[in-house]
Every structure is written in C-alpha cells, then in structure tokens.
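One file, data.txt, is given below (compact mmCIF, C-alpha atoms).
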```txt
# COMPACT_ATOMS: atom_id res chain seq x y z
CA MET H 1 -98.13 -2.98 -117.65
CA ARG H 2 -97.04 -4.36 -114.28
CA ARG H 3 -97.88 -7.87 -115.45
CA TYR H 4 -95.09 -7.81 -118.03
CA THR H 5 -92.63 -6.43 -115.50
CA TYR H 6 -93.48 -9.21 -113.04
CA LEU H 7 -93.19 -11.87 -115.77
CA TRP H 8 -89.71 -10.62 -116.62
CA LEU H 9 -88.66 -10.36 -112.97
CA MET H 10 -89.88 -13.90 -112.35
CA GLN H 11 -87.86 -15.09 -115.34
CA LEU H 12 -84.76 -13.57 -113.71
CA VAL H 13 -85.53 -14.95 -110.25
CA SER H 14 -86.42 -18.41 -111.57
CA GLY H 15 -83.14 -18.45 -113.49
CA VAL H 16 -81.21 -17.78 -110.31
CA LEU H 17 -83.22 -20.37 -108.38
CA ILE H 18 -82.59 -22.96 -111.09
CA ALA H 19 -78.88 -22.35 -110.76
CA VAL H 20 -79.10 -22.89 -107.00
CA LEU H 21 -81.54 -25.82 -106.83
CA LEU H 22 -80.21 -27.63 -109.88
CA GLY H 23 -76.73 -26.99 -108.56
CA ILE H 24 -77.65 -28.76 -105.33
CA HIS H 25 -79.10 -31.65 -107.33
CA MET H 26 -76.04 -31.95 -109.58
CA VAL H 27 -73.60 -31.76 -106.69
CA ILE H 28 -75.51 -34.45 -104.77
CA GLN H 29 -75.75 -36.73 -107.78
CA HIS H 30 -72.31 -36.35 -109.32
CA LEU H 31 -69.81 -34.92 -106.84
CA GLU H 32 -70.07 -37.43 -104.04
CA ASP H 33 -66.28 -37.81 -103.80
CA ILE H 34 -65.74 -34.10 -103.34
CA LEU H 35 -68.50 -33.92 -100.74
CA ARG H 36 -66.96 -36.87 -98.87
CA PHE H 37 -63.61 -35.04 -98.93
CA LEU H 38 -65.34 -32.05 -97.38
CA GLY H 39 -66.84 -34.23 -94.65
CA PHE H 40 -70.32 -34.94 -96.05
CA ASN H 41 -70.92 -38.67 -96.41
CA LEU H 42 -74.04 -39.28 -98.47
CA ASN H 43 -73.83 -43.08 -98.93
CA ASN H 44 -74.06 -43.30 -102.71
CA PRO H 45 -76.78 -40.72 -103.31
CA ALA H 46 -77.54 -41.96 -106.83
CA SER H 47 -78.63 -45.38 -105.57
CA TRP H 48 -82.31 -46.32 -105.25
CA ASN H 49 -82.16 -46.72 -101.47
CA SER H 50 -80.53 -43.33 -100.96
CA MET H 51 -83.07 -41.71 -103.24
CA ILE H 52 -85.98 -43.29 -101.35
CA GLU H 53 -84.47 -42.22 -98.03
CA ARG H 54 -84.10 -38.65 -99.27
CA SER H 55 -87.60 -38.59 -100.68
CA ARG H 56 -89.05 -39.31 -97.22
CA GLN H 57 -87.66 -35.98 -95.98
CA VAL H 58 -89.91 -32.95 -96.41
CA THR H 59 -86.90 -30.72 -97.17
CA TRP H 60 -85.84 -32.76 -100.17
CA ALA H 61 -89.40 -33.12 -101.43
CA GLY H 62 -89.70 -29.34 -101.15
CA ILE H 63 -86.45 -28.81 -103.05
CA TYR H 64 -87.53 -31.06 -105.90
CA ILE H 65 -91.01 -29.56 -106.15
CA ALA H 66 -89.51 -26.06 -106.08
CA LEU H 67 -87.02 -27.05 -108.79
CA LEU H 68 -89.86 -28.44 -110.88
CA ALA H 69 -91.86 -25.24 -110.47
CA VAL H 70 -89.04 -22.83 -111.39
CA LEU H 71 -87.88 -25.01 -114.28
CA LEU H 72 -91.38 -25.21 -115.71
CA TYR H 73 -91.93 -21.47 -115.34
CA HIS H 74 -88.56 -20.50 -116.82
CA ALA H 75 -88.77 -22.89 -119.77
CA LEU H 76 -92.41 -22.30 -120.64
CA ASN H 77 -92.24 -18.51 -120.25
CA GLY H 78 -89.13 -18.53 -122.43
CA LEU H 79 -90.93 -20.64 -125.03
CA ARG H 80 -93.89 -18.27 -124.90
CA ASN H 81 -91.60 -15.29 -125.52
CA VAL H 82 -89.93 -16.98 -128.49
CA ILE H 83 -93.28 -17.88 -130.07
CA LEU H 84 -94.72 -14.39 -129.53
CA GLU H 85 -91.63 -12.75 -131.01
CA LEU H 86 -92.01 -14.72 -134.18
CA THR H 87 -95.80 -14.44 -134.51
CA PRO H 88 -96.83 -11.19 -132.87
CA SER H 89 -100.59 -10.75 -132.73
CA ALA H 90 -103.07 -10.24 -129.90
CA ARG H 91 -104.95 -13.44 -130.74
CA THR H 92 -101.76 -15.51 -130.90
CA GLU H 93 -100.73 -14.10 -127.55
CA ARG H 94 -103.98 -15.19 -125.91
CA VAL H 95 -103.96 -18.68 -127.43
CA VAL H 96 -100.28 -19.33 -126.72
CA THR H 97 -100.48 -17.97 -123.15
CA TRP H 98 -103.47 -20.08 -122.19
CA ALA H 99 -102.11 -23.20 -123.90
CA ILE H 100 -98.76 -22.90 -122.17
CA LEU H 101 -100.38 -22.13 -118.83
CA ALA H 102 -102.62 -25.19 -119.08
CA PHE H 103 -99.72 -27.40 -120.14
CA GLY H 104 -97.57 -26.10 -117.30
CA ILE H 105 -100.23 -26.69 -114.65
CA VAL H 106 -100.93 -30.23 -115.87
CA VAL H 107 -97.24 -31.15 -115.95
CA PHE H 108 -96.63 -29.58 -112.53
CA ILE H 109 -99.48 -31.52 -110.91
CA TRP H 110 -98.49 -34.75 -112.61
CA ALA H 111 -94.76 -34.49 -111.84
CA SER H 112 -95.10 -33.23 -108.26
CA TYR H 113 -97.25 -36.27 -107.51
CA VAL H 114 -94.05 -38.36 -107.44
CA PRO H 115 -92.23 -36.62 -104.53
CA ILE H 116 -95.51 -36.20 -102.65
CA ALA H 117 -96.37 -39.88 -103.06
CA LEU H 118 -92.86 -40.91 -102.01
CA LEU H 119 -93.16 -38.77 -98.87
CA SER H 120 -95.97 -40.92 -97.63
CA ARG H 121 -94.30 -44.29 -98.38
CA MET C 122 -61.34 14.17 -153.19
CA GLY C 123 -58.13 12.91 -151.62
CA ASN C 124 -54.75 12.78 -153.28
CA GLY C 125 -52.98 9.59 -154.29
CA LYS C 126 -53.52 6.51 -156.41
CA THR C 127 -56.93 5.97 -157.98
CA GLU C 128 -58.44 2.53 -157.57
CA GLN C 129 -61.41 1.16 -159.48
CA ILE C 130 -64.02 0.02 -156.96
CA THR C 131 -67.09 -1.97 -157.99
CA PHE C 132 -70.23 -0.73 -156.28
CA ARG C 133 -72.86 -3.49 -156.40
CA ILE C 134 -76.04 -1.66 -155.46
CA GLN C 135 -79.46 -3.09 -154.81
CA ARG C 136 -81.98 -1.42 -157.12
CA TYR C 137 -85.72 -1.50 -156.65
CA ASP C 138 -88.43 0.66 -158.14
CA PRO C 139 -91.90 -0.45 -157.01
CA GLU C 140 -93.52 1.91 -159.55
CA LYS C 141 -91.96 -0.10 -162.36
CA GLY C 142 -93.08 -3.37 -160.82
CA THR C 143 -89.59 -4.91 -160.84
CA LYS C 144 -88.19 -7.10 -158.10
CA PRO C 145 -85.12 -5.99 -156.12
CA HIS C 146 -82.02 -6.69 -158.20
CA SER C 147 -78.35 -5.70 -158.19
CA GLN C 148 -76.60 -3.29 -160.51
CA GLU C 149 -72.85 -2.75 -160.67
CA PHE C 150 -70.99 0.50 -161.19
CA ILE C 151 -67.25 1.12 -161.43
CA VAL C 152 -66.20 4.07 -159.31
CA PRO C 153 -62.71 5.60 -159.36
CA SER C 154 -61.80 5.83 -155.71
CA THR C 155 -58.99 7.77 -154.08
CA LYS C 156 -57.77 7.91 -150.50
CA GLY C 157 -60.22 9.69 -148.25
CA MET C 158 -63.27 8.95 -150.37
CA THR C 159 -66.39 7.87 -148.50
CA VAL C 160 -69.08 5.47 -149.66
CA LEU C 161 -71.34 8.51 -150.01
CA ASP C 162 -68.78 10.16 -152.30
CA GLY C 163 -68.95 7.03 -154.44
CA LEU C 164 -72.74 7.10 -154.57
CA ILE C 165 -72.73 10.80 -155.51
CA TYR C 166 -70.19 10.03 -158.25
CA ILE C 167 -72.53 7.33 -159.59
CA LYS C 168 -75.51 9.67 -159.51
CA GLU C 169 -73.65 12.53 -161.19
CA ASN C 170 -71.77 10.52 -163.82
CA LEU C 171 -73.21 7.06 -164.34
CA ASP C 172 -76.88 6.75 -163.39
CA SER C 173 -78.89 9.73 -162.21
CA THR C 174 -81.88 7.52 -161.35
CA ILE C 175 -80.22 5.93 -158.33
CA ALA C 176 -82.05 6.97 -155.15
CA PHE C 177 -80.43 7.44 -151.76
CA ARG C 178 -80.75 9.90 -148.88
CA THR C 179 -78.01 12.34 -147.98
CA SER C 180 -77.83 15.71 -146.30
CA CYS C 181 -75.09 16.84 -143.94
CA ARG C 182 -72.17 14.65 -145.18
CA MET C 183 -70.79 14.76 -141.64
CA ALA C 184 -72.59 12.04 -139.62
CA ILE C 185 -74.94 14.36 -137.79
CA CYS C 186 -78.24 14.21 -139.70
CA GLY C 187 -78.63 10.40 -139.86
CA SER C 188 -79.96 10.41 -143.45
CA CYS C 189 -77.49 8.13 -145.21
CA GLY C 190 -77.79 4.89 -143.22
CA MET C 191 -77.40 1.85 -145.47
CA LEU C 192 -76.05 -1.71 -145.49
CA VAL C 193 -72.47 -1.75 -146.78
CA ASN C 194 -70.93 -5.23 -147.12
CA ASN C 195 -73.67 -6.65 -144.89
CA TYR C 196 -73.23 -4.22 -142.03
CA PRO C 197 -75.15 -1.00 -141.40
CA HIS C 198 -73.13 2.18 -141.76
CA LEU C 199 -73.56 5.88 -142.33
CA ALA C 200 -72.34 6.21 -145.90
CA CYS C 201 -70.87 9.68 -145.28
CA HIS C 202 -68.90 8.40 -142.29
CA THR C 203 -67.49 5.27 -143.95
CA GLN C 204 -64.28 5.32 -145.94
CA ILE C 205 -64.16 3.07 -149.01
CA GLU C 206 -60.59 2.21 -148.05
CA GLU C 207 -61.59 0.67 -144.69
CA PHE C 208 -63.10 -2.37 -146.40
CA HIS C 209 -59.77 -3.30 -148.08
CA SER C 210 -61.80 -4.61 -150.99
CA SER C 211 -62.31 -3.66 -154.60
CA ARG C 212 -65.99 -4.59 -154.32
CA LEU C 213 -68.67 -3.01 -152.15
CA THR C 214 -72.18 -4.40 -151.85
CA ILE C 215 -74.67 -1.73 -150.89
CA LYS C 216 -78.24 -2.42 -149.86
CA PRO C 217 -80.94 -0.46 -148.06
CA LEU C 218 -81.17 -0.75 -144.28
CA PRO C 219 -82.91 -4.00 -143.28
CA ASN C 220 -86.00 -4.13 -141.04
CA PHE C 221 -87.57 -1.19 -142.89
CA PRO C 222 -89.88 -1.21 -145.94
CA ILE C 223 -88.11 -0.03 -149.09
CA ILE C 224 -89.40 3.03 -150.93
CA LYS C 225 -86.88 2.96 -153.77
CA ASP C 226 -83.30 1.69 -154.20
CA LEU C 227 -81.48 2.65 -150.99
CA VAL C 228 -84.30 4.77 -149.58
CA VAL C 229 -86.35 3.13 -146.81
CA ASP C 230 -89.59 4.17 -145.16
CA LEU C 231 -88.71 5.60 -141.76
CA MET C 232 -92.21 6.80 -140.87
CA PRO C 233 -93.04 3.74 -138.69
CA PHE C 234 -89.70 4.30 -136.94
CA PHE C 235 -90.57 7.95 -136.25
CA GLU C 236 -94.08 7.00 -135.10
CA VAL C 237 -92.68 4.60 -132.52
CA HIS C 238 -90.25 7.30 -131.39
CA LYS C 239 -93.13 9.75 -131.05
CA SER C 240 -95.13 7.22 -129.00
CA ILE C 241 -92.60 7.37 -126.13
CA LYS C 242 -93.11 11.14 -125.87
CA PRO C 243 -89.52 12.25 -126.56
CA TYR C 244 -89.74 15.62 -124.80
CA ILE C 245 -89.61 16.91 -121.25
CA LEU C 246 -92.87 16.23 -119.40
CA ARG C 247 -93.56 18.06 -116.18
CA GLY C 248 -96.49 18.91 -113.96
CA ASP C 249 -95.95 22.68 -114.10
CA SER C 250 -97.65 23.09 -117.48
CA GLU C 251 -97.91 26.90 -117.24
CA GLU C 252 -94.15 27.20 -116.90
CA MET C 253 -93.64 24.71 -119.75
CA GLU C 254 -95.93 26.70 -122.05
CA ASP C 255 -94.61 30.13 -121.10
CA PRO C 256 -91.20 29.75 -119.44
CA THR C 257 -90.06 32.42 -117.03
CA SER C 258 -87.15 30.61 -115.39
CA GLU C 259 -84.36 28.12 -116.00
CA PHE C 260 -84.08 24.46 -114.98
CA SER C 261 -81.69 23.85 -112.13
CA GLN C 262 -79.76 20.83 -113.38
CA SER C 263 -76.27 20.00 -112.16
CA HIS C 264 -73.51 18.98 -114.51
CA GLN C 265 -73.37 15.57 -112.85
CA ALA C 266 -77.09 15.04 -113.44
CA MET C 267 -76.66 15.92 -117.11
CA GLU C 268 -73.67 13.61 -117.47
CA SER C 269 -75.78 10.65 -116.27
CA PHE C 270 -77.81 10.63 -119.49
CA LEU C 271 -75.75 12.79 -121.87
CA GLN C 272 -74.45 9.97 -124.12
CA PHE C 273 -78.04 8.93 -124.90
CA THR C 274 -78.77 12.41 -126.24
CA TYR C 275 -76.31 11.88 -129.09
CA CYS C 276 -78.86 9.80 -131.02
CA ILE C 277 -79.32 11.15 -134.56
CA LYS C 278 -82.31 8.89 -135.38
CA CYS C 279 -80.51 7.23 -138.26
CA GLY C 280 -82.24 3.87 -137.74
CA ILE C 281 -79.02 1.88 -137.89
CA CYS C 282 -79.59 0.34 -134.45
CA VAL C 283 -83.06 -0.86 -135.44
CA SER C 284 -81.69 -2.35 -138.65
CA ALA C 285 -79.01 -4.24 -136.70
CA CYS C 286 -81.37 -5.47 -133.98
CA PRO C 287 -82.24 -9.20 -134.31
CA THR C 288 -85.42 -8.74 -132.25
CA SER C 289 -86.60 -6.00 -134.62
CA ALA C 290 -86.00 -8.44 -137.47
CA SER C 291 -88.23 -11.13 -135.99
CA ASP C 292 -90.81 -9.10 -134.06
CA LYS C 293 -92.34 -6.36 -136.21
CA LEU C 294 -94.15 -4.94 -133.18
CA PHE C 295 -90.95 -4.49 -131.16
CA HIS C 296 -90.34 -0.82 -130.32
CA GLY C 297 -86.70 -1.05 -131.27
CA PRO C 298 -83.54 0.08 -129.51
CA GLN C 299 -83.80 3.72 -130.61
CA ALA C 300 -87.21 4.44 -129.05
CA LEU C 301 -86.40 2.48 -125.90
CA ALA C 302 -83.08 4.23 -125.45
CA GLN C 303 -84.73 7.61 -125.91
CA CYS C 304 -87.39 6.64 -123.40
CA TYR C 305 -84.61 6.08 -120.88
CA ARG C 306 -82.90 9.33 -121.96
CA TYR C 307 -85.97 11.33 -120.93
CA CYS C 308 -86.80 9.27 -117.82
CA ALA C 309 -83.21 9.70 -116.59
CA ASP C 310 -83.27 13.44 -117.24
CA ASP C 311 -83.97 14.98 -113.84
CA ARG C 312 -85.88 17.84 -115.47
CA ASP C 313 -88.49 15.28 -116.53
CA ALA C 314 -91.44 13.80 -114.61
CA GLY C 315 -92.90 11.73 -117.43
CA GLU C 316 -92.34 8.17 -116.19
CA PRO C 317 -96.05 7.52 -115.49
CA GLU C 318 -96.85 8.43 -119.10
CA ARG C 319 -93.97 6.60 -120.75
CA PHE C 320 -93.80 3.39 -118.73
CA PRO C 321 -97.15 1.97 -119.90
CA VAL C 322 -95.97 2.46 -123.49
CA VAL C 323 -92.69 0.54 -123.14
CA SER C 324 -93.52 -1.97 -120.42
CA THR C 325 -95.21 -4.41 -122.75
CA ASP C 326 -94.42 -7.76 -124.34
CA HIS C 327 -93.27 -5.96 -127.50
CA GLY C 328 -91.50 -3.22 -125.62
CA VAL C 329 -88.50 -3.24 -123.37
CA TRP C 330 -89.04 -6.81 -122.14
CA HIS C 331 -88.38 -8.27 -125.58
CA CYS C 332 -84.84 -6.95 -125.63
CA HIS C 333 -82.47 -9.89 -125.15
CA LEU C 334 -79.29 -7.85 -124.87
CA ALA C 335 -77.87 -8.98 -128.21
CA GLY C 336 -75.90 -5.74 -128.23
CA ALA C 337 -75.94 -5.35 -132.01
CA CYS C 338 -77.49 -1.90 -131.60
CA SER C 339 -74.62 -0.58 -129.52
CA GLU C 340 -72.03 -2.18 -131.76
CA SER C 341 -73.49 -0.60 -134.88
CA CYS C 342 -74.39 2.84 -133.52
CA PRO C 343 -72.26 5.42 -135.38
CA LYS C 344 -72.52 7.99 -132.54
CA GLY C 345 -71.56 5.84 -129.56
CA VAL C 346 -74.98 6.11 -127.91
CA ASP C 347 -74.93 2.53 -126.49
CA PRO C 348 -78.71 1.92 -126.67
CA ALA C 349 -78.28 -1.55 -125.14
CA LEU C 350 -77.04 0.06 -121.93
CA ALA C 351 -79.97 2.49 -121.94
CA ILE C 352 -82.43 -0.38 -122.36
CA GLN C 353 -80.95 -2.38 -119.47
CA LEU C 354 -81.04 0.74 -117.29
CA LEU C 355 -84.65 1.26 -118.36
CA LYS C 356 -85.49 -2.33 -117.34
CA ARG C 357 -83.86 -1.73 -113.98
CA ARG C 358 -85.80 1.49 -113.50
CA LEU C 359 -89.09 -0.16 -114.49
CA ALA C 360 -88.51 -3.14 -112.19
CA SER C 361 -87.53 -0.85 -109.29
CA ARG C 362 -90.63 1.30 -109.70
CA THR C 363 -92.89 -1.76 -109.94
CA LEU C 364 -91.42 -3.25 -106.78
CA GLY C 365 -91.45 0.11 -105.01
CA LEU C 366 -87.68 0.05 -104.53
CA GLY C 367 -85.43 3.08 -104.62
CA LYS C 368 -86.28 6.68 -103.84
CA LYS C 369 -88.11 8.55 -106.54
CA LYS C 370 -86.52 11.98 -106.80
CA PRO C 371 -88.68 15.01 -107.56
CA PRO C 372 -87.97 16.67 -110.92
CA ALA C 373 -85.33 19.41 -111.03
CA SER C 374 -86.61 22.71 -109.76
CA THR C 375 -86.67 25.92 -111.72
CA MET C 376 -84.80 29.07 -110.87
CA PRO C 377 -84.96 32.58 -112.27
CA PRO C 378 -82.30 33.43 -114.86
CA PRO C 379 -79.19 35.25 -113.54
CA GLN C 380 -79.43 39.01 -113.08
CA GLN C 381 -77.92 41.13 -115.79
CA ASN C 382 -75.22 42.95 -113.77
CA LYS C 383 -72.94 43.90 -116.62
CA PRO C 384 -73.70 47.14 -118.49
CA LYS C 385 -75.01 46.58 -121.95
CA LEU C 386 -72.59 47.16 -124.80
CA PRO C 387 -73.34 50.35 -126.75
CA PHE C 388 -75.19 49.72 -129.99
CA PRO C 389 -72.76 50.33 -132.90
CA ASP C 390 -73.41 53.17 -135.31
CA PHE C 391 -75.11 52.26 -138.55
CA THR C 392 -72.65 51.94 -141.42
CA VAL C 393 -75.38 52.65 -143.95
CA LYS C 394 -77.28 55.91 -143.68
CA GLN C 395 -80.78 55.26 -142.36
CA GLY C 396 -83.90 56.95 -143.51
```

I'd like the structure from this file rewritten - as structure tokens, please.
Amino acid sequence: MRRYTYLWLMQLVSGVLIAVLLGIHMVIQHLEDILRFLGFNLNNPASWNSMIERSRQVTWAGIYIALLAVLLYHALNGLRNVILELTPSARTERVVTWAILAFGIVVFIWASYVPIALLSR
Amino acid sequence: MGNGKTEQITFRIQRYDPEKGTKPHSQEFIVPSTKGMTVLDGLIYIKENLDSTIAFRTSCRMAICGSCGMLVNNYPHLACHTQIEEFHSSRLTIKPLPNFPIIKDLVVDLMPFFEVHKSIKPYILRGDSEEMEDPTSEFSQSHQAMESFLQFTYCIKCGICVSACPTSASDKLFHGPQALAQCYRYCADDRDAGEPERFPVVSTDHGVWHCHLAGACSESCPKGVDPALAIQLLKRRLASRTLGLGKKKPPASTMPPPQQNKPKLPFPDFTVKQG
C-alpha cells in the first residue's frame, strides 16, 4: 500500500524538481541577455567552451545528473501508469514495471557517464 | 404535465435485448412534449402509449433515489431531473450509462459498482464494538466537524460520476469516483476510526492514485457532491499518514443522551372503544 503512495509522491516531487532544474537549464541556455542585465555574465553559455568549463564543476555535473534522474523517473513512471491503465492485469503490471525499471537504469547509467567523464577531463 | 404549446420531440433510444440475440440499435419515438416535462416523463409516455417493452429504471421521480441515470445527448443525466426543454432541440438521443454492462435497453448492471462501494466499508468503523452493536449513548460531533464532510454525504449512488470518468472508461479495475469519494466521506467523519481498514483498499495502482483530476465526475454529479475534491483530499490524507505528517485525531467520543426533564405529554383517550 505504502509503495503506491510513495510512487505518487515521487511523481509530484520529481515534477517540481523538473520545473526547477530544467528551469535553471533553460534560463542558462536561452536567457543570457536577461541574466547579463541582472548582473550575471556567463560568457555565451551555449558555446562549447562554456559548456566544457561548466562540466568541470561538480555543482553543474550534479545538477545535470539530478535532472536526468528526475526526468527519467517522471517520464517512465508516467508511461507505466498510462500502460497499466489501458491494460490492467497483475501479469502486465509485473512485466511493464520490470521492463521500465531496467530501461531506466540502463539509460541513467549510460547518460550520466557523460557529465562524470567530463568532470575528469 | 405543464401547460402551454405542445412540441413533437423525437426520442432516439438505444435498444438492446441480449435474450433476443440482437445487437444494440436505435429506435425512434415521437413524444408530445409540453413545458415542464422531463426526459423521464417522455420515457414513461413511450412505455405507456407507444412501446411497453422499453426498459428503464425509475423510482422517486425527484432526483433522490439515483435510479434513472442515463446518457441524454451524450451527457449523463438523471432523467427525472432533466427538462426536455433545456436541450433546445427537437431530437433527444438516449443511451444507457457508459462504463457499465448493459442488461437491457437503458438498464445497466450496477452490481460491480455496488461491490466496489461495499469494498471501502461505507459505514462507521470504531474500536468500541460493544457500543456499536448495542448503543447506549450518542456521538459527540460538533456542527463544524459535520460540515467538513457533509457535501460528500449527498451521494445517491446513481453511477453518473463513474460513467463520466475517463479513467473508469479505460481502466476497468479503477475503483471509480463514487467509491473513492465515499471512502473520504467516512475517513473525514470524526466519528470514524476506519482509516487502517480502508486505506489498503484504495491506496493501490487502480485506486485513488489512478485519478488524474479530470473533474468530469464533479461536473456531471447531479447532487453537487464534488467527488473530485473528495479524491484529492483523500490523496492528501493518505500521503500525510504515510509520511507521518499531521496529528491524527482520536475519533469523536460518546456521551449519554440528554436527560428527559420535560414531563411526558398525557396519552390521548382512545377514540374507538377498546375491548
């Protein structure tokens, strides 16, 4: 019983975190002029050099890995819910849950390799 | 019947008789309608004058029993509570409530609906079982406490909310807005201590967590119950209990009934000779 409550709560929390972390990412990438007006000079954050410089900072690597984690959870849990609504059965639930979990773990490991590898460059 | 001009309204009704092996099909009837006539009045006219084989449920005629729920022009209504005039159309299409198996014509099988309702234990649950079995006192519930859940008690179990719910349409195992709202009604009632028994029933993938707040249930409810609100409050209560947040209040205490201080009225003399 508690499992389903926690899954739902995590869907809520991950949604909020996506708004925050993705918001930071979007502001950095696309609102440079506004940030410069407010006194934050980021030196063309969308450029390769700026991206590499950011990726060497643990904070930014942490932000991107956290964003990856909450995005994966939110999207895949949402997909799981949609599938289970349309095909409700205990067997389907087990198969879909394990398949999505495995897919999510593989993608998370594979995609978080990038910021981790860049940290050590 | 109301006074005024009579208008000829076409009732296009879905007919289906599984015993005859036919598929669902439509049949049209012309009903003379006057101001103030309800859809139910039209159906009764059809049954009494045009086709006595048409099957539909009706009882109170006053939107309190919940028997006559049906789809009128693609929206669920109580037929007794719906004026023909409000559609501003000379043609009404009437079908049985969706999301329920059809028994015959406009009559649907509500047994699964009632079974789900029963599964959430829709009655006061308390620890003092002796007092519940053989009551000697009254519950001490304030007016404010009653007001906090009163609107959810107006449910007449008509099934209209379940027929409007898009999640009920896609997920046949979903409990439905009616049962979930009634679960909240009893959990919010401070006379009740049944959360530990009810929460495992509704806190499942096909229970409260599959509600996506479409709101169709509240929009369609003929009694203003607002089941969507009840479900969101139930989610909040479930999440709070799981996280250990918020103070859990003990159930309302009992108190002895008030003393009879007034003298009893004298028993009137018999008007008919006894013995």

Dump as a PDB file with C-alpha atoms, in the frame of the given file the residues of chain H that approach chain C to within 10 Å, counting all atoms listed in the file.
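Final output, iface_9.pdb:
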```pdb
ATOM      1  CA  MET H   1     -98.130  -2.980-117.650  1.00  0.00           C
ATOM      2  CA  ARG H   2     -97.040  -4.360-114.280  1.00  0.00           C
ATOM      3  CA  ARG H   3     -97.880  -7.870-115.450  1.00  0.00           C
ATOM      4  CA  TYR H   4     -95.090  -7.810-118.030  1.00  0.00           C
ATOM      5  CA  THR H   5     -92.630  -6.430-115.500  1.00  0.00           C
ATOM      6  CA  TYR H   6     -93.480  -9.210-113.040  1.00  0.00           C
ATOM      7  CA  LEU H   7     -93.190 -11.870-115.770  1.00  0.00           C
ATOM      8  CA  TRP H   8     -89.710 -10.620-116.620  1.00  0.00           C
ATOM      9  CA  LEU H   9     -88.660 -10.360-112.970  1.00  0.00           C
ATOM     10  CA  ASN H  81     -91.600 -15.290-125.520  1.00  0.00           C
ATOM     11  CA  VAL H  82     -89.930 -16.980-128.490  1.00  0.00           C
ATOM     12  CA  ILE H  83     -93.280 -17.880-130.070  1.00  0.00           C
ATOM     13  CA  LEU H  84     -94.720 -14.390-129.530  1.00  0.00           C
ATOM     14  CA  GLU H  85     -91.630 -12.750-131.010  1.00  0.00           C
ATOM     15  CA  LEU H  86     -92.010 -14.720-134.180  1.00  0.00           C
ATOM     16  CA  THR H  87     -95.800 -14.440-134.510  1.00  0.00           C
ATOM     17  CA  PRO H  88     -96.830 -11.190-132.870  1.00  0.00           C
ATOM     18  CA  SER H  89    -100.590 -10.750-132.730  1.00  0.00           C
ATOM     19  CA  GLU H  93    -100.730 -14.100-127.550  1.00  0.00           C
TER      20      GLU H  93
END
```

- Message: Can you measure atom CA of H:Glu32 to atom CA of H:Val70 for me? One decimal in Å is fine.
- Response: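 Straight-line distance from atom CA of H:Glu32 to atom CA of H:Val70 works out to 25.0 Å.
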
- Item | C:Leu227 environment, 12 Å, all atoms listed in the file, sequence neighbours closer than 6 positions dropped, as number ranges by chain | C: 133-138, 145-147, 161, 164, 174-179, 188-193, 200, 214-219, 221

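Across the model, the gap from atom CA of C:Ile224 to atom CA of C:His202 is 22.9 Å.
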
- Which of these, C:Gln353, C:Ser210, C:Gln381, C:Thr375, has the shortest distance to C:Ala335 once you count all atoms listed in the file? C:Gln353

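Counting from atom CA of C:Gln272, the distance to atom CA of C:Arg358 is 17.7 Å.
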
- Message: Considering all atoms listed in the file, can you say which of C:Cys286, C:Ile241, C:Met253, C:Leu199 comes closest to C:Ser339?
- Response: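 Ranked by minimum distance to C:Ser339, first place goes to C:Cys286.
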
Can you tell me, as a PDB file with C-alpha atoms, keeping the file's coordinate frame, what residues are no more than 10 Å from stretch 103-111 of chain H when counting all atoms listed in the file, ignoring any on the same chain fewer than 3 positions away?
```pdb
ATOM      1  CA  TYR H  64     -87.530 -31.060-105.900  1.00  0.00           C
ATOM      2  CA  ILE H  65     -91.010 -29.560-106.150  1.00  0.00           C
ATOM      3  CA  LEU H  68     -89.860 -28.440-110.880  1.00  0.00           C
ATOM      4  CA  ALA H  69     -91.860 -25.240-110.470  1.00  0.00           C
ATOM      5  CA  LEU H  72     -91.380 -25.210-115.710  1.00  0.00           C
ATOM      6  CA  TYR H  73     -91.930 -21.470-115.340  1.00  0.00           C
ATOM      7  CA  ALA H  75     -88.770 -22.890-119.770  1.00  0.00           C
ATOM      8  CA  LEU H  76     -92.410 -22.300-120.640  1.00  0.00           C
ATOM      9  CA  ASN H  77     -92.240 -18.510-120.250  1.00  0.00           C
ATOM     10  CA  THR H  97    -100.480 -17.970-123.150  1.00  0.00           C
ATOM     11  CA  TRP H  98    -103.470 -20.080-122.190  1.00  0.00           C
ATOM     12  CA  ALA H  99    -102.110 -23.200-123.900  1.00  0.00           C
ATOM     13  CA  ILE H 100     -98.760 -22.900-122.170  1.00  0.00           C
ATOM     14  CA  VAL H 114     -94.050 -38.360-107.440  1.00  0.00           C
ATOM     15  CA  PRO H 115     -92.230 -36.620-104.530  1.00  0.00           C
ATOM     16  CA  ILE H 116     -95.510 -36.200-102.650  1.00  0.00           C
TER      17      ILE H 116
END
```

- Contacts of stretch 25-31 of chain H at 6 Å (all atoms listed in the file; same-chain gap of 3+ positions) as a list in words: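 Within the cut-off, the hits are Leu22, Ile34 and Ala46 of chain H.
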
- Message: Under the rule that only C-alpha atoms are counted, which of H:Thr59, H:Leu42, H:Trp48, H:Leu71 is the nearest residue to H:Leu17?
- Response: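 Once distances to H:Leu17 are computed over only C-alpha atoms, the minimum belongs to H:Leu71.
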
- Message: Residues within 6 Å of stretch 280-283 of chain C, please, as a count of residues only. Count only C-alpha atoms; anything in the same chain fewer than 6 positions from it doesn't count.
- Response: 4
